[in-house]
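So this block is data.pdb, PDB, C-alpha atoms and all ligand atoms:
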ATOM      1  CA  MET U   1     -14.373 -10.891 -20.205
ATOM      2  CA  LYS U   2     -15.644  -8.231 -17.784
ATOM      3  CA  PRO U   3     -14.156  -8.676 -14.291
ATOM      4  CA  ILE U   4     -16.581  -9.566 -11.502
ATOM      5  CA  TRP U   5     -15.911  -7.305  -8.524
ATOM      6  CA  LYS U   6     -18.721  -8.374  -6.210
ATOM      7  CA  GLY U   7     -17.383 -10.927  -3.734
ATOM      8  CA  ARG U   8     -13.784 -10.553  -4.938
ATOM      9  CA  SER U   9     -11.027 -10.794  -2.331
ATOM     10  CA  ILE U  10      -8.092  -8.374  -2.604
ATOM     11  CA  ILE U  11      -5.031 -10.440  -1.759
ATOM     12  CA  SER U  12      -2.106  -9.561  -4.020
ATOM     13  CA  ILE U  13      -1.368  -6.921  -6.630
ATOM     14  CA  ASN U  14      -0.296  -9.802  -8.882
ATOM     15  CA  ASP U  15      -3.988 -10.718  -9.204
ATOM     16  CA  PHE U  16      -4.811  -7.425 -10.993
ATOM     17  CA  THR U  17      -4.552  -6.540 -14.677
ATOM     18  CA  ARG U  18      -3.608  -3.091 -15.934
ATOM     19  CA  GLU U  19      -7.260  -2.425 -16.802
ATOM     20  CA  GLU U  20      -8.448  -3.475 -13.345
ATOM     21  CA  ILE U  21      -5.933  -1.172 -11.643
ATOM     22  CA  ILE U  22      -7.101   1.721 -13.825
ATOM     23  CA  PHE U  23     -10.729   0.848 -13.045
ATOM     24  CA  ILE U  24     -10.086   1.059  -9.279
ATOM     25  CA  LEU U  25      -8.435   4.477  -9.699
ATOM     26  CA  GLU U  26     -11.375   5.702 -11.795
ATOM     27  CA  SER U  27     -13.810   4.327  -9.205
ATOM     28  CA  ALA U  28     -11.982   6.212  -6.445
ATOM     29  CA  LYS U  29     -12.330   9.424  -8.439
ATOM     30  CA  LYS U  30     -16.070   8.786  -8.841
ATOM     31  CA  MET U  31     -16.301   8.098  -5.116
ATOM     32  CA  GLU U  32     -14.781  11.526  -4.392
ATOM     33  CA  GLN U  33     -17.500  13.124  -6.494
ATOM     34  CA  LEU U  34     -20.379  11.334  -4.766
ATOM     35  CA  SER U  35     -22.409  13.198  -2.127
ATOM     36  CA  SER U  36     -22.138  12.057   1.522
ATOM     37  CA  GLU U  37     -25.846  11.175   1.502
ATOM     38  CA  LYS U  38     -25.454   8.836  -1.487
ATOM     39  CA  LYS U  39     -22.315   7.310  -0.022
ATOM     40  CA  LEU U  40     -24.055   6.531   3.263
ATOM     41  CA  GLN U  41     -26.470   4.252   1.419
ATOM     42  CA  LEU U  42     -23.853   2.068  -0.264
ATOM     43  CA  LEU U  43     -22.952  -0.282   2.633
ATOM     44  CA  LYS U  44     -25.823   0.529   4.963
ATOM     45  CA  ASP U  45     -26.726  -3.142   5.542
ATOM     46  CA  LYS U  46     -23.127  -4.415   5.693
ATOM     47  CA  VAL U  47     -20.797  -5.293   8.544
ATOM     48  CA  VAL U  48     -17.067  -4.838   7.986
ATOM     49  CA  ALA U  49     -14.545  -6.575  10.261
ATOM     50  CA  THR U  50     -11.001  -5.272  10.754
ATOM     51  CA  LEU U  51      -8.670  -7.948  12.154
ATOM     52  CA  PHE U  52      -5.259  -6.424  12.815
ATOM     53  CA  PHE U  53      -2.714  -8.958  14.062
ATOM     54  CA  GLU U  54       0.000  -6.278  13.552
ATOM     55  CA  PRO U  55       0.028  -2.577  14.487
ATOM     56  CA  SER U  56      -1.462   0.015  12.153
ATOM     57  CA  THR U  57      -2.612   3.618  12.244
ATOM     58  CA  ARG U  58      -3.442   4.621   8.656
ATOM     59  CA  THR U  59      -4.638   1.396   7.089
ATOM     60  CA  ARG U  60      -7.026   0.396   9.850
ATOM     61  CA  LEU U  61      -8.368   3.867  10.573
ATOM     62  CA  SER U  62      -8.779   4.803   6.914
ATOM     63  CA  PHE U  63     -10.571   1.523   6.159
ATOM     64  CA  GLU U  64     -12.824   2.054   9.173
ATOM     65  CA  SER U  65     -13.487   5.695   8.307
ATOM     66  CA  ALA U  66     -14.142   4.733   4.674
ATOM     67  CA  ALA U  67     -16.599   2.020   5.724
ATOM     68  CA  VAL U  68     -18.416   4.240   8.253
ATOM     69  CA  GLN U  69     -18.845   6.942   5.597
ATOM     70  CA  LEU U  70     -20.464   4.299   3.372
ATOM     71  CA  GLY U  71     -22.945   3.420   6.118
ATOM     72  CA  ALA U  72     -21.340   0.127   7.253
ATOM     73  CA  LYS U  73     -21.024  -1.091  10.834
ATOM     74  CA  ILE U  74     -17.513  -1.950  12.055
ATOM     75  CA  ILE U  75     -16.364  -4.773  14.302
ATOM     76  CA  GLY U  76     -12.887  -6.129  14.971
ATOM     77  CA  PHE U  77      -9.683  -5.740  16.932
ATOM     78  CA  ALA U  78      -6.560  -3.629  16.642
ATOM     79  CA  ASP U  79      -4.586  -5.690  19.107
ATOM     80  CA  PRO U  80      -4.384  -9.463  18.636
ATOM     81  CA  GLY U  81      -3.645  -9.670  22.374
ATOM     82  CA  SER U  82      -7.341  -8.980  22.922
ATOM     83  CA  SER U  83      -8.412 -11.797  20.587
ATOM     84  CA  SER U  84      -8.547 -15.558  21.077
ATOM     85  CA  ALA U  85      -5.397 -15.891  18.943
ATOM     86  CA  THR U  86      -3.598 -15.598  22.300
ATOM     87  CA  LYS U  87      -5.401 -18.773  23.418
ATOM     88  CA  GLY U  88      -4.065 -20.625  20.386
ATOM     89  CA  GLU U  89      -6.977 -20.228  17.986
ATOM     90  CA  THR U  90      -5.842 -20.789  14.405
ATOM     91  CA  LEU U  91      -6.330 -18.213  11.669
ATOM     92  CA  TYR U  92      -8.604 -20.712   9.883
ATOM     93  CA  ASP U  93     -10.899 -20.960  12.917
ATOM     94  CA  THR U  94     -10.843 -17.195  13.483
ATOM     95  CA  ILE U  95     -11.983 -16.605   9.906
ATOM     96  CA  ARG U  96     -14.668 -19.327  10.171
ATOM     97  CA  MET U  97     -16.023 -17.384  13.166
ATOM     98  CA  VAL U  98     -15.757 -13.857  11.799
ATOM     99  CA  GLU U  99     -17.423 -14.882   8.508
ATOM    100  CA  GLN U 100     -20.574 -15.411  10.576
ATOM    101  CA  TYR U 101     -20.450 -11.849  11.885
ATOM    102  CA  ALA U 102     -19.241  -9.780   8.898
ATOM    103  CA  ASP U 103     -19.635  -9.384   5.133
ATOM    104  CA  VAL U 104     -16.119  -8.105   4.447
ATOM    105  CA  ILE U 105     -13.000  -9.041   6.452
ATOM    106  CA  ILE U 106     -10.008  -6.718   6.327
ATOM    107  CA  MET U 107      -6.921  -8.280   7.861
ATOM    108  CA  ARG U 108      -3.279  -7.499   8.578
ATOM    109  CA  HIS U 109      -1.058 -10.380   9.620
ATOM    110  CA  PRO U 110       2.685 -10.843  10.238
ATOM    111  CA  ARG U 111       2.738 -14.097   8.261
ATOM    112  CA  GLU U 112       3.274 -13.815   4.510
ATOM    113  CA  GLY U 113       0.427 -15.515   2.664
ATOM    114  CA  ALA U 114      -1.972 -15.420   5.640
ATOM    115  CA  PRO U 115      -4.693 -13.510   3.681
ATOM    116  CA  ARG U 116      -4.632 -16.212   0.982
ATOM    117  CA  VAL U 117      -5.137 -18.843   3.696
ATOM    118  CA  ALA U 118      -8.027 -16.775   5.048
ATOM    119  CA  ALA U 119      -9.594 -16.383   1.592
ATOM    120  CA  ASP U 120      -9.424 -20.146   1.068
ATOM    121  CA  ALA U 121     -11.292 -20.638   4.371
ATOM    122  CA  THR U 122     -14.337 -18.502   3.528
ATOM    123  CA  GLN U 123     -16.752 -17.357   0.838
ATOM    124  CA  LYS U 124     -16.710 -13.865   2.372
ATOM    125  CA  VAL U 125     -14.451 -11.122   0.990
ATOM    126  CA  ILE U 126     -10.936 -10.942   2.451
ATOM    127  CA  ILE U 127      -8.918  -7.744   1.987
ATOM    128  CA  ASN U 128      -5.180  -7.936   2.608
ATOM    129  CA  ALA U 129      -4.157  -4.912   4.689
ATOM    130  CA  GLY U 130      -0.503  -6.069   4.726
ATOM    131  CA  ASP U 131       0.979  -9.540   5.188
ATOM    132  CA  GLY U 132       4.450  -9.566   6.681
ATOM    133  CA  ALA U 133       7.073  -8.368   4.220
ATOM    134  CA  ASN U 134       5.048  -9.602   1.277
ATOM    135  CA  GLN U 135       2.319  -7.294  -0.067
ATOM    136  CA  HIS U 136       0.136  -4.297   0.713
ATOM    137  CA  PRO U 137      -2.112  -4.043  -2.336
ATOM    138  CA  THR U 138      -4.575  -1.381  -1.154
ATOM    139  CA  GLN U 139      -1.638   0.891  -0.254
ATOM    140  CA  THR U 140      -0.499   0.528  -3.866
ATOM    141  CA  PHE U 141      -3.860   1.668  -5.200
ATOM    142  CA  LEU U 142      -3.709   4.827  -3.102
ATOM    143  CA  ASP U 143      -0.057   5.389  -4.058
ATOM    144  CA  LEU U 144      -0.996   5.221  -7.744
ATOM    145  CA  TYR U 145      -4.036   7.424  -7.139
ATOM    146  CA  THR U 146      -1.805  10.076  -5.562
ATOM    147  CA  ILE U 147       0.687   9.876  -8.442
ATOM    148  CA  LYS U 148      -2.164  10.202 -10.956
ATOM    149  CA  LYS U 149      -3.535  13.256  -9.150
ATOM    150  CA  ARG U 150      -0.148  14.931  -9.051
ATOM    151  CA  HIS U 151       1.176  14.024 -12.529
ATOM    152  CA  LYS U 152      -2.084  13.495 -14.458
ATOM    153  CA  ARG U 153      -0.758  10.090 -15.516
ATOM    154  CA  ILE U 154       0.863   6.965 -14.148
ATOM    155  CA  THR U 155       2.563   5.945 -17.401
ATOM    156  CA  HIS U 156       6.210   6.401 -18.364
ATOM    157  CA  LEU U 157       7.298   8.129 -15.177
ATOM    158  CA  ASN U 158      10.686   7.867 -13.534
ATOM    159  CA  ILE U 159      10.019   6.388 -10.088
ATOM    160  CA  ALA U 160      12.665   6.020  -7.363
ATOM    161  CA  LEU U 161      11.947   3.581  -4.502
ATOM    162  CA  VAL U 162      14.174   4.267  -1.500
ATOM    163  CA  GLY U 163      15.008   2.461   1.739
ATOM    164  CA  ASP U 164      14.110  -1.019   2.902
ATOM    165  CA  LEU U 165      13.285  -2.702  -0.382
ATOM    166  CA  LYS U 166      13.846  -6.170   1.052
ATOM    167  CA  TYR U 167      11.220  -6.107   3.800
ATOM    168  CA  GLY U 168       9.013  -3.200   2.618
ATOM    169  CA  ARG U 169       5.711  -4.705   1.496
ATOM    170  CA  THR U 170       4.487  -1.412   0.020
ATOM    171  CA  VAL U 171       7.365  -1.237  -2.470
ATOM    172  CA  HIS U 172       6.920  -4.889  -3.454
ATOM    173  CA  SER U 173       3.297  -4.280  -4.445
ATOM    174  CA  LEU U 174       4.068  -0.916  -6.038
ATOM    175  CA  ALA U 175       6.931  -2.219  -8.213
ATOM    176  CA  ILE U 176       4.686  -4.935  -9.640
ATOM    177  CA  ALA U 177       1.856  -2.456 -10.291
ATOM    178  CA  LEU U 178       4.215  -0.002 -12.016
ATOM    179  CA  SER U 179       5.322  -2.768 -14.367
ATOM    180  CA  HIS U 180       1.968  -2.383 -16.154
ATOM    181  CA  PHE U 181       2.593   1.266 -16.944
ATOM    182  CA  GLY U 182       6.000   1.440 -18.640
ATOM    183  CA  CYS U 183       7.634   3.352 -15.797
ATOM    184  CA  THR U 184      11.410   3.435 -15.305
ATOM    185  CA  ILE U 185      12.244   2.308 -11.773
ATOM    186  CA  SER U 186      15.309   3.129  -9.653
ATOM    187  CA  PHE U 187      15.905   1.037  -6.533
ATOM    188  CA  ILE U 188      17.944   2.824  -3.849
ATOM    189  CA  SER U 189      18.860   0.695  -0.859
ATOM    190  CA  PRO U 190      21.783  -0.624   1.139
ATOM    191  CA  GLU U 191      23.240  -3.758  -0.455
ATOM    192  CA  SER U 192      21.679  -5.910   2.288
ATOM    193  CA  LEU U 193      18.152  -4.512   1.706
ATOM    194  CA  ARG U 194      17.848  -4.821  -2.074
ATOM    195  CA  MET U 195      14.575  -5.508  -3.874
ATOM    196  CA  PRO U 196      13.952  -9.287  -3.871
ATOM    197  CA  SER U 197      15.120 -11.076  -7.006
ATOM    198  CA  SER U 198      11.634 -12.523  -7.624
ATOM    199  CA  ILE U 199      10.300  -8.992  -8.199
ATOM    200  CA  CYS U 200      13.305  -7.939 -10.302
ATOM    201  CA  GLU U 201      12.822 -11.056 -12.447
ATOM    202  CA  GLU U 202       9.155 -10.121 -12.988
ATOM    203  CA  LEU U 203      10.210  -6.628 -14.119
ATOM    204  CA  THR U 204      12.803  -8.104 -16.484
ATOM    205  CA  ARG U 205      10.170 -10.442 -17.911
ATOM    206  CA  LYS U 206       7.931  -7.439 -18.593
ATOM    207  CA  LYS U 207      10.862  -5.503 -20.141
ATOM    208  CA  ILE U 208      10.715  -2.768 -17.478
ATOM    209  CA  ALA U 209      13.883  -0.652 -17.164
ATOM    210  CA  TYR U 210      15.232  -0.707 -13.617
ATOM    211  CA  SER U 211      18.571  -0.036 -11.898
ATOM    212  CA  HIS U 212      20.020  -0.397  -8.397
ATOM    213  CA  TYR U 213      21.714   2.470  -6.534
ATOM    214  CA  GLU U 214      22.978   3.078  -3.011
ATOM    215  CA  LYS U 215      22.772   6.914  -2.888
ATOM    216  CA  ILE U 216      19.609   9.040  -3.267
ATOM    217  CA  GLU U 217      21.641  11.869  -4.838
ATOM    218  CA  GLU U 218      22.286   9.700  -7.894
ATOM    219  CA  VAL U 219      18.590   9.530  -8.828
ATOM    220  CA  ILE U 220      17.180  12.896  -7.710
ATOM    221  CA  PRO U 221      17.647  14.926 -10.942
ATOM    222  CA  ALA U 222      15.718  12.453 -13.129
ATOM    223  CA  ALA U 223      13.036  11.375 -10.636
ATOM    224  CA  ASP U 224       9.351  12.253 -11.078
ATOM    225  CA  VAL U 225       8.412  10.384  -7.899
ATOM    226  CA  LEU U 226      10.621   9.714  -4.877
ATOM    227  CA  TYR U 227       9.034   6.985  -2.731
ATOM    228  CA  MET U 228      10.720   6.921   0.679
ATOM    229  CA  THR U 229      10.285   3.993   3.078
ATOM    230  CA  ARG U 230      11.134   3.189   6.665
ATOM    231  CA  ILE U 231      13.716   0.537   7.513
ATOM    232  CA  GLN U 232      11.398  -2.199   8.859
ATOM    233  CA  LYS U 233      12.939  -2.730  12.302
ATOM    234  CA  GLU U 234      10.360  -5.369  13.246
ATOM    235  CA  ARG U 235      11.494  -7.696  10.429
ATOM    236  CA  PHE U 236      15.142  -7.914  11.566
ATOM    237  CA  GLY U 237      16.084 -11.016  13.532
ATOM    238  CA  ASP U 238      19.323  -9.408  14.765
ATOM    239  CA  PRO U 239      19.068  -5.868  16.271
ATOM    240  CA  MET U 240      22.728  -5.248  15.370
ATOM    241  CA  GLU U 241      21.901  -5.746  11.688
ATOM    242  CA  TYR U 242      19.147  -3.120  12.037
ATOM    243  CA  ASP U 243      21.555  -0.679  13.727
ATOM    244  CA  LYS U 244      23.927  -0.976  10.761
ATOM    245  CA  VAL U 245      21.320   0.302   8.253
ATOM    246  CA  LYS U 246      18.775   2.270  10.305
ATOM    247  CA  ASP U 247      19.921   5.748   9.220
ATOM    248  CA  SER U 248      20.879   4.862   5.659
ATOM    249  CA  TYR U 249      18.641   7.536   4.128
ATOM    250  CA  ILE U 250      17.547  10.856   5.587
ATOM    251  CA  LEU U 251      15.916  13.158   3.050
ATOM    252  CA  THR U 252      16.744  16.845   3.585
ATOM    253  CA  ARG U 253      15.883  20.053   1.732
ATOM    254  CA  GLU U 254      19.500  20.241   0.588
ATOM    255  CA  ILE U 255      19.346  16.862  -1.160
ATOM    256  CA  LEU U 256      16.333  18.142  -3.093
ATOM    257  CA  HIS U 257      18.097  21.176  -4.603
ATOM    258  CA  HIS U 258      18.592  19.328  -7.898
ATOM    259  CA  ALA U 259      15.079  17.841  -8.000
ATOM    260  CA  LYS U 260      12.591  18.477 -10.810
ATOM    261  CA  LYS U 261      10.125  21.254 -10.014
ATOM    262  CA  ASN U 262       7.222  18.807 -10.034
ATOM    263  CA  LEU U 263       8.927  15.967  -8.163
ATOM    264  CA  THR U 264       6.460  14.181  -5.871
ATOM    265  CA  ILE U 265       7.723  12.766  -2.588
ATOM    266  CA  LEU U 266       5.670   9.869  -1.243
ATOM    267  CA  HIS U 267       6.008   7.737   1.883
ATOM    268  CA  PRO U 268       3.513   5.088   3.038
ATOM    269  CA  LEU U 269       4.231   6.245   6.627
ATOM    270  CA  PRO U 270       4.934   5.908   9.473
ATOM    271  CA  ARG U 271       8.250   7.709   9.050
ATOM    272  CA  VAL U 272      10.938   7.389  11.687
ATOM    273  CA  ASN U 273      13.621   9.825  10.553
ATOM    274  CA  GLU U 274      13.985   9.171   6.833
ATOM    275  CA  ILE U 275      12.348  12.485   5.842
ATOM    276  CA  GLU U 276      13.310  15.615   7.790
ATOM    277  CA  LYS U 277      10.318  17.599   9.032
ATOM    278  CA  SER U 278      11.620  20.677   7.159
ATOM    279  CA  VAL U 279      10.766  18.857   3.892
ATOM    280  CA  ASP U 280       7.046  18.802   4.820
ATOM    281  CA  ASP U 281       6.564  22.435   3.708
ATOM    282  CA  LEU U 282       7.891  21.861   0.189
ATOM    283  CA  SER U 283       5.411  21.525  -2.662
ATOM    284  CA  HIS U 284       7.030  18.143  -3.452
ATOM    285  CA  ALA U 285       5.845  16.615  -0.159
ATOM    286  CA  ALA U 286       2.695  14.570  -0.813
ATOM    287  CA  TYR U 287       2.808  11.937   1.935
ATOM    288  CA  PHE U 288       0.026  13.341   4.117
ATOM    289  CA  GLU U 289      -2.168  13.920   1.052
ATOM    290  CA  GLN U 290      -1.293  10.313   0.052
ATOM    291  CA  ALA U 291      -2.580   9.007   3.404
ATOM    292  CA  GLY U 292      -5.772  11.057   2.899
ATOM    293  CA  ASN U 293      -6.298   9.416  -0.478
ATOM    294  CA  GLY U 294      -6.730   6.174   1.441
ATOM    295  CA  ILE U 295     -10.350   7.200   2.027
ATOM    296  CA  PRO U 296     -11.729   7.415  -1.552
ATOM    297  CA  VAL U 297      -9.568   4.536  -2.733
ATOM    298  CA  ARG U 298     -10.644   2.224   0.097
ATOM    299  CA  GLN U 299     -14.257   3.365  -0.271
ATOM    300  CA  ALA U 300     -14.127   2.400  -3.935
ATOM    301  CA  ILE U 301     -12.628  -1.002  -3.104
ATOM    302  CA  LEU U 302     -15.220  -1.689  -0.383
ATOM    303  CA  ALA U 303     -18.124  -0.645  -2.586
ATOM    304  CA  LEU U 304     -16.857  -2.719  -5.517
ATOM    305  CA  VAL U 305     -16.318  -5.941  -3.561
ATOM    306  CA  ALA U 306     -19.648  -5.481  -1.775
ATOM    307  CA  GLY U 307     -21.377  -5.142  -5.160
ATOM    308  CA  ALA U 308     -22.598  -1.695  -4.148
ATOM    309  CA  PHE U 309     -20.769   0.596  -6.531
ATOM    310  CA  PRO U 310     -23.286   3.017  -8.054
TER     311      PRO U 310
HETATM  312  N1  LIG U 401       0.884   2.785   5.325
HETATM  313  C1  LIG U 401       0.574   1.941   6.327
HETATM  314  O1  LIG U 401       0.391   0.735   6.123
HETATM  315  O2  LIG U 401       0.500   2.532   7.551
HETATM  316  P1  LIG U 401      -0.004   1.800   8.883
HETATM  317  O3  LIG U 401       1.045   0.745   9.211
HETATM  318  O4  LIG U 401      -0.096   2.859   9.916
HETATM  319  O5  LIG U 401      -1.316   1.141   8.583
END
Here is the file; what I need is its structure written in the form of structure tokens.
Ligand code: CP
Amino acid sequence: MKPIWKGRSIISINDFTREEIIFILESAKKMEQLSSEKKLQLLKDKVVATLFFEPSTRTRLSFESAAVQLGAKIIGFADPGSSSATKGETLYDTIRMVEQYADVIIMRHPREGAPRVAADATQKVIINAGDGANQHPTQTFLDLYTIKKRHKRITHLNIALVGDLKYGRTVHSLAIALSHFGCTISFISPESLRMPSSICEELTRKKIAYSHYEKIEEVIPAADVLYMTRIQKERFGDPMEYDKVKDSYILTREILHHAKKNLTILHPLPRVNEIEKSVDDLSHAAYFEQAGNGIPVRQAILALVAGAFP
């Protein structure tokens, strides 16, 4: 059965089939080829709300830029301190209000599962822009889009995910998405920040080859993609626990001496110090290009869920 995109909320990568993921990547490519004039017509009568209960630079600004370039109007807040959440308003009530003002609601929330709660409260489209340590599905689509652009495929690649695999929502979504494409996955993290067992069990169920490591050097020679992540300081209850692992991985030019010529280095950003600035000049470094790919990918998602894709 053909998937219905119009009115569809984007909550978790688990809700997407292999074919649907490929369709979003193809739609993003089409979006890149569309003229600015045509794009401006797509959401010209729509209002998009961005509700960010947690900080963001890329996700919020790229969604807003994407929507503006499609002709939409933007409302919302970047700081929950300026919203009535500070007065005790529940998420349910906030969504019941914003649904009266907007056609699409993009939200980031510290509580895992909050976007699902929001989607259950409204008939309007909810897009999960990151919920706690759980998921960041639209980041995954732009990660895959960047890999596809660089490697001409997303199948059967050797992908290394490095850093905070316990709390990093981007790597949770990405690992599940990669399971559709027969990739081999290496998890590199301190023992205390390993990929959650629920995700490993899903990979095992899908017969995906994966292994755990503690040193980046062990995976560099075989890697096609090295996906670095920040240790998620804000998720640690005990600052001393964060101090123990905060500098676990710092990628340098020297570490990359044994890398494949076409290795791609990705990072959802922001980085703290896990990639040295000297790496930015290498042809491997794709993290700024990756952030830029947020525009066509998020434009495609917005146009699809608004029923406006040409
Ligand atoms: N990649 C990402 O989610 O970045 P922001 O936190 O800046 O939105």
Would you list the residues that come within 9 Å of ligand LIG 401 (chain U)? Count all atoms listed in the file and give the answer as a compact mmCIF listing (two decimals) with C-alpha atoms, in the frame of the given file.
# COMPACT_ATOMS: atom_id res chain seq x y z
CA GLU U 54 0.00 -6.28 13.55
CA PRO U 55 0.03 -2.58 14.49
CA SER U 56 -1.46 0.02 12.15
CA THR U 57 -2.61 3.62 12.24
CA ARG U 58 -3.44 4.62 8.66
CA THR U 59 -4.64 1.40 7.09
CA ARG U 60 -7.03 0.40 9.85
CA LEU U 61 -8.37 3.87 10.57
CA SER U 62 -8.78 4.80 6.91
CA ARG U 108 -3.28 -7.50 8.58
CA ALA U 129 -4.16 -4.91 4.69
CA GLY U 130 -0.50 -6.07 4.73
CA HIS U 136 0.14 -4.30 0.71
CA GLN U 139 -1.64 0.89 -0.25
CA ARG U 169 5.71 -4.70 1.50
CA THR U 170 4.49 -1.41 0.02
CA HIS U 267 6.01 7.74 1.88
CA PRO U 268 3.51 5.09 3.04
CA LEU U 269 4.23 6.24 6.63
CA PRO U 270 4.93 5.91 9.47
CA ALA U 291 -2.58 9.01 3.40
Exercise. Which neighbours of Asn158 (chain U) fall inside 9 Å, counting all atoms listed in the file, when residues of the same chain fewer than 5 positions from it are skipped, and could you give them as a list in words?
Worked result: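 Once the nearby chain positions are removed, what remains is Cys183, Thr184, Ile185, Ser186, Ala222, Ala223, Asp224, Val225 and Leu226 of chain U.
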Exercise. How far is it from CA of Asp15 (chain U) to CA of Val68 (chain U), in Å with one decimal?
Worked result: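 Those two atoms sit 27.1 Å apart.
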For this session: Mind giving me the straight-line distance from CA of Ile220 (chain U) to CA of Ser173 (chain U) in Å, one decimal?
Result: 22.3 Å
For this session: Determine, counting only C-alpha atoms, every residue of protein, DNA or RNA that lies within 9 Å of (15.5, 17.5, -6.3) in the file coordinates, then give the result as a list of chain:residue names.
Result: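 Residues with an atom at most 9 Å from (15.5, 17.5, -6.3): U:Glu217, U:Val219, U:Ile220, U:Pro221, U:Ala222, U:Ala223, U:Arg253, U:Glu254, U:Ile255, U:Leu256, U:His257, U:His258, U:Ala259, U:Lys260, U:Lys261, U:Leu263, U:His284.
With all atoms listed in the file as the atoms that count, the minimum distance from Gly292 (chain U) to the choices U:Thr146, U:Gln33, U:Thr252, U:Thr86 is reached by U:Thr146.
Here CA of Val48 (chain U) is placed at a distance of 19.8 Å from CA of Ser12 (chain U).
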For this session: Given the file shown, enumerate the residues that the PyMOL selection byres (((chain U and resi 92) around 12) and not hetatm) captures and present them as an MDAnalysis selection string.
Result: chainID U and resid 85 88:91 93:99 114:122
